[in-house]
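Below: the structure, in structure tokens.
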Amino acid sequence: MDSGGRPSAPGSGGPRRPRSDEDHTPGRVERFRDAMAARAATGAAGARALVRRVKQTPPPPGPFRPGFWRSPIRGPWLTSVFGLVLLIGIPLLFVTGMLSYAAYNPGLDRINDQTPDKGLLGFYLFDWPTHPYWLYRLTQGVHVTLGVVLVPVLLAKLWSVIPKLFEWLPVRTVAHGLERLSLLMLVGGVIFEFVTGILNIQLYYVFPGSFYTLHFYGAWVFIAAFVVHVCLRLGRMSRALRSRGLAAELRTDLAHTRPEPPDPDGLVPQAPAPPTMTRRGALTMVGGGSLLLLVVTAGQSIGGWARNTALLAPHNRAPGSGPNGFQINKTAAAVGVNPAHLGPSWRLELRGSRPPLVFTREQLLAMPQHAAALPIACVEGWSTPDQHWSGLRLTDLAALAGLPDAGSVLVESVQPPGPYASVVLRGNQIHDPRSLLALHVNGADLSIDHGYPARIIVPANPGVNNTKWVHRLTFRT
């Protein structure tokens, strides 16, 4: 205070009492830090105690118990043998499946694309060729037949690793949890792809959406998990395969069948039961099942006499005799085609750079006719032998429409709107001399179920894109 007893003015230089926050801030920070450290230590101790209690929790009864799985032939070697077969087969399945998708020319038009928003997943798409003319028949036949043949191998592989699916604890660490998640994606993905594929082969559409969309995205999820799994397990598989010879195992009888040494993955049982089957027997059973499925499936792709062995063919194993006696997927009645639309009032409309042209069937028959011997091959894996088609070349019709160098054509059917009631074909498909608007097959008029009065037939084209009951062709630049 000054000499008059008044408080010192600010900046007067007199003594100043420290503020409480300046006086005690360091102590408060230290106390807060100590309290947080104590809480963290308490939390960590609690977490460790919880982990110990969880680890000490006994597994539930049944398949989670270590002694539940007792097969003495289960182990890394047998698992690796099945895995090696799948390591060869599944990439081939994936490649042929992606080729099937490319054959639909999905990037050409939204009409063709059953898998919207594919984005980067369509990076590999290209103009599907028309040479060789049996290309789609081969790739899709391999895809479907191989998928069916691998079913016993897949089931055997799942059987061989099933103890891993019932590990206890289900998740032990973050890394273990990620591994379990990849395993779930792998197993779930492969089951989803095989089940939906087999249902599609049988034309049993119970999917909650388009088969093509579900199967396409499912394939990418599965193959991603498959690649991760192979990267993680390839070294172990290689060591397991080298641990014993195939020839020696095939010579081992039941009396000399012994469990494999204990393995870190827990596939070898802790208390194995006496063997009731040799590893040779397991391999024979799985191989025999695959061979049987090959016999009853491949004939639908080979065609001819072999089709009589195709007991798993979807429909029309014996479609009848005569010029129109070959397979179809759906009849005119099944897709709602009204026969009244196919009678004398039917017309073909051509559109292009000129005013639309309209033709009766008689007028089309009066034009120069051309022939081609081509099969029909469908996504379900079945195909026909070469049928002898005749009609008008698509390239000639493009010239009539004023676009001799047409880059694409929209093909529209009289069938009610729905999947594949219309399709867009590429320029290379239009200009192949074997690409026809067919009016006859094997020397006779098309039957109604085969597309009367006119249908498309294009080399190496998926069957569903060889549109039936055509009534309009719109050529584009």
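Each chain in the structure tokens gets a letter, A, B, ..., in the order shown, and its residues are numbered from 1; ligands are numbered from 1 in order too.
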*Please return as a ChimeraX atom specification: the residues of stretch 238-432 of chain A that backbone DSSP assigns to alpha helix (DSSP H).*
/A:238-242,246-251,279-297,299-302,361-365,394-400,427-431
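The interatomic distance for the pair atom CA of A:Leu250 and atom CA of A:Val148 works out to 25.4 Å.
Straight-line separation from atom CA of A:Tyr452 to atom CA of A:Ser413: 11.0 Å.
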*From the DSSP assignment of the backbone, select every residue of stretch 284-472 of chain A that is strand (DSSP E or B), and format the answer as a VMD selection string.*
chain A and resid 348 to 351 357 to 359 370 to 374 377 383 387 to 393 408 to 413 422 to 426 436 to 441 444 to 445 455 to 457 462 470 to 472
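The coordinates place atom CA of A:Trp128 at 23.2 Å from atom CA of A:Ile223.
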Which residues are near A:Leu294? Cut-off 12 Å, only C-alpha atoms, ignore same chain within fewer than 6 positions. Put them as a tab-separated table (two decimals) with all heavy atoms, in the first residue's frame.
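Result file follows (out.tsv):
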```tsv
chain	number	residue	atom	x	y	z
A	141	GLY	N	-17.96	-75.10	-69.84
A	141	GLY	CA	-18.00	-76.52	-69.54
A	141	GLY	C	-16.96	-76.90	-68.50
A	141	GLY	O	-17.24	-77.67	-67.57
A	142	VAL	N	-15.75	-76.37	-68.64
A	142	VAL	CA	-14.70	-76.62	-67.65
A	142	VAL	C	-15.10	-76.05	-66.30
A	142	VAL	O	-14.93	-76.70	-65.25
A	142	VAL	CB	-13.36	-76.02	-68.12
A	142	VAL	CG1	-12.33	-76.03	-67.00
A	142	VAL	CG2	-12.83	-76.78	-69.33
A	144	VAL	N	-18.10	-75.39	-64.92
A	144	VAL	CA	-19.18	-76.11	-64.24
A	144	VAL	C	-18.75	-77.52	-63.87
A	144	VAL	O	-18.96	-77.98	-62.73
A	144	VAL	CB	-20.44	-76.12	-65.12
A	144	VAL	CG1	-21.50	-77.06	-64.54
A	144	VAL	CG2	-21.02	-74.71	-65.23
A	145	THR	N	-18.15	-78.24	-64.80
A	145	THR	CA	-17.75	-79.62	-64.53
A	145	THR	C	-16.71	-79.68	-63.41
A	145	THR	O	-16.81	-80.49	-62.49
A	145	THR	CB	-17.20	-80.29	-65.80
A	145	THR	OG1	-18.19	-80.23	-66.83
A	145	THR	CG2	-16.82	-81.72	-65.54
A	146	LEU	N	-15.72	-78.80	-63.47
A	146	LEU	CA	-14.70	-78.78	-62.43
A	146	LEU	C	-15.30	-78.42	-61.08
A	146	LEU	O	-14.93	-79.00	-60.04
A	146	LEU	CB	-13.60	-77.79	-62.80
A	146	LEU	CG	-12.42	-77.66	-61.82
A	146	LEU	CD1	-11.71	-79.01	-61.66
A	146	LEU	CD2	-11.44	-76.59	-62.29
A	147	GLY	N	-16.24	-77.47	-61.06
A	147	GLY	CA	-16.88	-77.10	-59.80
A	147	GLY	C	-17.59	-78.27	-59.16
A	147	GLY	O	-17.53	-78.46	-57.94
A	148	VAL	N	-18.26	-79.08	-59.96
A	148	VAL	CA	-18.96	-80.25	-59.42
A	148	VAL	C	-17.96	-81.32	-58.98
A	148	VAL	O	-18.10	-81.92	-57.91
A	148	VAL	CB	-19.94	-80.81	-60.47
A	148	VAL	CG1	-20.55	-82.13	-59.99
A	148	VAL	CG2	-21.05	-79.80	-60.75
A	149	VAL	N	-16.94	-81.55	-59.78
A	149	VAL	CA	-15.96	-82.59	-59.48
A	149	VAL	C	-15.20	-82.28	-58.19
A	149	VAL	O	-14.80	-83.21	-57.46
A	149	VAL	CB	-15.00	-82.75	-60.68
A	149	VAL	CG1	-13.77	-83.57	-60.30
A	149	VAL	CG2	-15.73	-83.40	-61.85
A	150	LEU	N	-14.99	-81.02	-57.88
A	150	LEU	CA	-14.23	-80.65	-56.69
A	150	LEU	C	-15.04	-80.74	-55.40
A	150	LEU	O	-14.47	-80.59	-54.31
A	150	LEU	CB	-13.68	-79.23	-56.84
A	150	LEU	CG	-12.49	-79.05	-57.78
A	150	LEU	CD1	-12.07	-77.60	-57.83
A	150	LEU	CD2	-11.31	-79.92	-57.37
A	151	VAL	N	-16.33	-80.98	-55.49
A	151	VAL	CA	-17.16	-81.02	-54.28
A	151	VAL	C	-16.65	-82.05	-53.27
A	151	VAL	O	-16.50	-81.74	-52.08
A	151	VAL	CB	-18.64	-81.25	-54.64
A	151	VAL	CG1	-19.44	-81.61	-53.39
A	151	VAL	CG2	-19.22	-80.00	-55.29
A	152	PRO	N	-16.38	-83.32	-53.66
A	152	PRO	CA	-15.86	-84.26	-52.67
A	152	PRO	C	-14.53	-83.81	-52.06
A	152	PRO	O	-14.29	-84.02	-50.86
A	152	PRO	CB	-15.69	-85.56	-53.46
A	152	PRO	CG	-16.63	-85.44	-54.60
A	152	PRO	CD	-16.60	-83.99	-54.97
A	287	GLY	N	-11.38	-89.52	-54.28
A	287	GLY	CA	-11.10	-89.57	-55.72
A	287	GLY	C	-12.19	-90.29	-56.49
A	287	GLY	O	-12.58	-89.87	-57.59
A	288	GLY	N	-12.72	-91.38	-55.92
A	288	GLY	CA	-13.81	-92.09	-56.58
A	288	GLY	C	-15.07	-91.25	-56.67
A	288	GLY	O	-15.78	-91.28	-57.69
A	300	GLN	N	-23.03	-83.35	-70.24
A	300	GLN	CA	-23.87	-82.23	-70.65
A	300	GLN	C	-23.08	-81.17	-71.39
A	300	GLN	O	-23.65	-80.39	-72.16
A	300	GLN	CB	-24.57	-81.62	-69.43
A	300	GLN	CG	-23.64	-80.92	-68.46
A	300	GLN	CD	-24.42	-80.17	-67.38
A	300	GLN	OE1	-25.63	-80.02	-67.46
A	300	GLN	NE2	-23.72	-79.71	-66.37
A	301	SER	N	-21.77	-81.12	-71.18
A	301	SER	CA	-20.92	-80.19	-71.92
A	301	SER	C	-20.39	-80.82	-73.20
A	301	SER	O	-20.22	-80.14	-74.21
A	301	SER	CB	-19.74	-79.74	-71.05
A	301	SER	OG	-20.19	-79.09	-69.88
A	302	ILE	N	-20.12	-82.12	-73.15
A	302	ILE	CA	-19.60	-82.81	-74.34
A	302	ILE	C	-20.68	-82.96	-75.40
A	302	ILE	O	-20.45	-82.77	-76.58
A	302	ILE	CB	-19.02	-84.18	-73.94
A	302	ILE	CG1	-17.87	-83.98	-72.96
A	302	ILE	CG2	-18.58	-84.96	-75.16
A	302	ILE	CD1	-17.37	-85.28	-72.34
A	306	ALA	N	-22.63	-88.80	-75.15
A	306	ALA	CA	-22.19	-88.65	-73.76
A	306	ALA	C	-23.26	-87.99	-72.91
A	306	ALA	O	-23.24	-88.11	-71.68
A	306	ALA	CB	-20.90	-87.83	-73.71
A	309	THR	N	-25.15	-89.93	-70.24
A	309	THR	CA	-24.55	-90.19	-68.93
A	309	THR	C	-24.69	-88.99	-67.99
A	309	THR	O	-24.35	-89.10	-66.81
A	309	THR	CB	-23.05	-90.50	-69.07
A	309	THR	OG1	-22.34	-89.32	-69.51
A	309	THR	CG2	-22.83	-91.62	-70.07
A	310	ALA	N	-25.19	-87.88	-68.49
A	310	ALA	CA	-25.25	-86.64	-67.70
A	310	ALA	C	-26.49	-86.64	-66.81
A	310	ALA	O	-27.45	-85.91	-67.05
A	310	ALA	CB	-25.22	-85.42	-68.61
A	311	LEU	N	-26.43	-87.44	-65.77
A	311	LEU	CA	-27.59	-87.56	-64.88
A	311	LEU	C	-27.86	-86.29	-64.10
A	311	LEU	O	-28.96	-86.11	-63.58
A	311	LEU	CB	-27.37	-88.74	-63.91
A	311	LEU	CG	-27.13	-90.10	-64.58
A	311	LEU	CD1	-26.94	-91.18	-63.52
A	311	LEU	CD2	-28.28	-90.46	-65.51
A	312	LEU	N	-26.85	-85.43	-63.99
A	312	LEU	CA	-27.04	-84.16	-63.28
A	312	LEU	C	-27.35	-83.01	-64.22
A	312	LEU	O	-27.36	-81.86	-63.80
A	312	LEU	CB	-25.78	-83.83	-62.46
A	312	LEU	CG	-25.43	-84.81	-61.34
A	312	LEU	CD1	-24.24	-84.31	-60.56
A	312	LEU	CD2	-26.61	-85.03	-60.41
A	313	ALA	N	-27.59	-83.30	-65.50
A	313	ALA	CA	-27.95	-82.24	-66.45
A	313	ALA	C	-29.26	-81.61	-66.01
A	313	ALA	O	-30.15	-82.29	-65.51
A	313	ALA	CB	-28.08	-82.81	-67.85
```
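The environment of A:Gly303 within 12 Å, counting only C-alpha atoms and disregarding residues fewer than 5 places along the same chain, consists of Arg137, Leu138, Gly141, Thr297, Ala298, Asn308, Thr309, Ala310, Ala313, Arg317, Ala318, Phe326, Gln327, Pro375, Ile376, Ala377, Gly381, Trp382, Ser383, Thr384, Pro385, Asp386 and Gln387 of chain A.
Counting only C-alpha atoms, the residue from A:Ser447, A:Pro419, A:Leu394, A:Tyr212 that sits nearest to A:Pro116 is A:Tyr212.
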*Shell of 12 Å around A:Pro129, only C-alpha atoms, local chain residues under 3 positions omitted, as a ChimeraX atom specification*: /A:99,102-105,125-126,132-136,425-432,458-462
*Find the spatial neighbours of A:Pro76, counting only C-alpha atoms, within a cut-off of 8 Å - ignore same-chain residues fewer than 6 positions away - and output them as a VMD selection string.*
chain A and resid 237 240 260 263 267 to 268
With stretch 336-358 of chain A as the partner and 9 Å as the cut-off, tabulate the residues of stretch 380-473 of chain A that qualify, each row holding the nearest pair of atoms and their distance in Å to one decimal, using only C-alpha atoms, sorted by chain and rising number, as a Markdown table.
```
| residue | atom | partner | partner_atom | distance |
| --- | --- | --- | --- | --- |
| A:Leu397 | CA | A:Leu350 | CA | 7.7 |
| A:Ala398 | CA | A:Gly352 | CA | 7.6 |
| A:Leu400 | CA | A:Leu350 | CA | 8.0 |
| A:Ala401 | CA | A:Gly352 | CA | 4.7 |
| A:Gly402 | CA | A:Ser353 | CA | 5.2 |
| A:Leu403 | CA | A:Gly352 | CA | 6.3 |
| A:Ala406 | CA | A:Gly352 | CA | 8.7 |
| A:Val414 | CA | A:Val337 | CA | 6.9 |
| A:Gln415 | CA | A:Val337 | CA | 4.9 |
| A:Pro416 | CA | A:Gly336 | CA | 6.5 |
| A:Ile448 | CA | A:Pro339 | CA | 8.2 |
| A:Tyr452 | CA | A:Leu342 | CA | 7.2 |
| A:Pro453 | CA | A:Leu342 | CA | 6.4 |
| A:Ala454 | CA | A:Leu348 | CA | 8.7 |
| A:Trp469 | CA | A:Leu342 | CA | 7.7 |
| A:Val470 | CA | A:Leu348 | CA | 7.3 |
| A:His471 | CA | A:Leu348 | CA | 4.7 |
| A:Arg472 | CA | A:Glu349 | CA | 4.6 |
| A:Leu473 | CA | A:Leu350 | CA | 5.1 |
```
Selection file, N, CA, C and O atoms, as a compact mmCIF listing (two decimals), in the first residue's frame:
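That gives us part.txt:
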```txt
# COMPACT_ATOMS: atom_id res chain seq x y z
N LEU A 397 -27.67 -57.22 -92.48
CA LEU A 397 -28.78 -56.45 -91.92
C LEU A 397 -28.31 -55.08 -91.45
O LEU A 397 -29.05 -54.09 -91.56
N ALA A 398 -27.08 -55.02 -90.93
CA ALA A 398 -26.53 -53.72 -90.54
C ALA A 398 -26.39 -52.80 -91.75
O ALA A 398 -26.70 -51.60 -91.68
N LEU A 400 -28.24 -52.96 -94.46
CA LEU A 400 -29.61 -52.54 -94.82
C LEU A 400 -30.08 -51.39 -93.96
O LEU A 400 -30.81 -50.51 -94.41
N ALA A 401 -29.67 -51.40 -92.69
CA ALA A 401 -30.08 -50.33 -91.76
C ALA A 401 -29.25 -49.07 -91.95
O ALA A 401 -29.48 -48.07 -91.26
N GLY A 402 -28.29 -49.09 -92.89
CA GLY A 402 -27.50 -47.90 -93.17
C GLY A 402 -26.25 -47.78 -92.34
O GLY A 402 -25.58 -46.74 -92.36
N LEU A 403 -25.87 -48.83 -91.59
CA LEU A 403 -24.67 -48.79 -90.76
C LEU A 403 -23.81 -50.03 -91.04
O LEU A 403 -23.73 -50.94 -90.23
N ALA A 406 -21.40 -50.94 -88.22
CA ALA A 406 -22.04 -50.81 -86.91
C ALA A 406 -21.12 -51.33 -85.81
O ALA A 406 -20.47 -52.37 -85.94
N VAL A 414 -39.82 -60.47 -78.37
CA VAL A 414 -41.22 -60.21 -78.07
C VAL A 414 -41.59 -60.69 -76.67
O VAL A 414 -42.69 -60.41 -76.19
N GLN A 415 -40.69 -61.41 -76.00
CA GLN A 415 -41.02 -61.89 -74.67
C GLN A 415 -41.18 -60.73 -73.71
O GLN A 415 -40.62 -59.64 -73.92
N PRO A 416 -41.97 -60.89 -72.65
CA PRO A 416 -42.20 -59.80 -71.71
C PRO A 416 -40.89 -59.27 -71.14
O PRO A 416 -39.90 -60.01 -71.04
N ILE A 448 -41.17 -73.14 -82.04
CA ILE A 448 -41.47 -71.98 -81.19
C ILE A 448 -40.51 -71.94 -80.00
O ILE A 448 -39.99 -70.88 -79.64
N TYR A 452 -38.75 -69.46 -82.99
CA TYR A 452 -39.55 -69.06 -84.16
C TYR A 452 -40.28 -67.75 -83.86
O TYR A 452 -40.78 -67.56 -82.76
N PRO A 453 -40.29 -66.84 -84.82
CA PRO A 453 -39.92 -66.96 -86.24
C PRO A 453 -38.46 -66.61 -86.54
O PRO A 453 -37.99 -66.88 -87.64
N ALA A 454 -37.71 -66.01 -85.59
CA ALA A 454 -36.31 -65.66 -85.86
C ALA A 454 -35.57 -65.55 -84.54
O ALA A 454 -36.12 -65.07 -83.54
N TRP A 469 -37.05 -65.26 -80.50
CA TRP A 469 -38.28 -64.50 -80.79
C TRP A 469 -37.98 -63.02 -81.05
O TRP A 469 -38.64 -62.11 -80.55
N VAL A 470 -36.97 -62.78 -81.88
CA VAL A 470 -36.51 -61.41 -82.14
C VAL A 470 -37.56 -60.64 -82.95
O VAL A 470 -38.14 -61.17 -83.90
N HIS A 471 -37.79 -59.40 -82.58
CA HIS A 471 -38.70 -58.56 -83.37
C HIS A 471 -38.11 -57.19 -83.72
O HIS A 471 -38.67 -56.47 -84.54
N ARG A 472 -36.95 -56.86 -83.12
CA ARG A 472 -36.35 -55.56 -83.48
C ARG A 472 -34.84 -55.63 -83.33
O ARG A 472 -34.31 -56.18 -82.36
N LEU A 473 -34.13 -55.07 -84.33
CA LEU A 473 -32.69 -54.93 -84.31
C LEU A 473 -32.36 -53.45 -84.49
O LEU A 473 -32.74 -52.86 -85.51
```
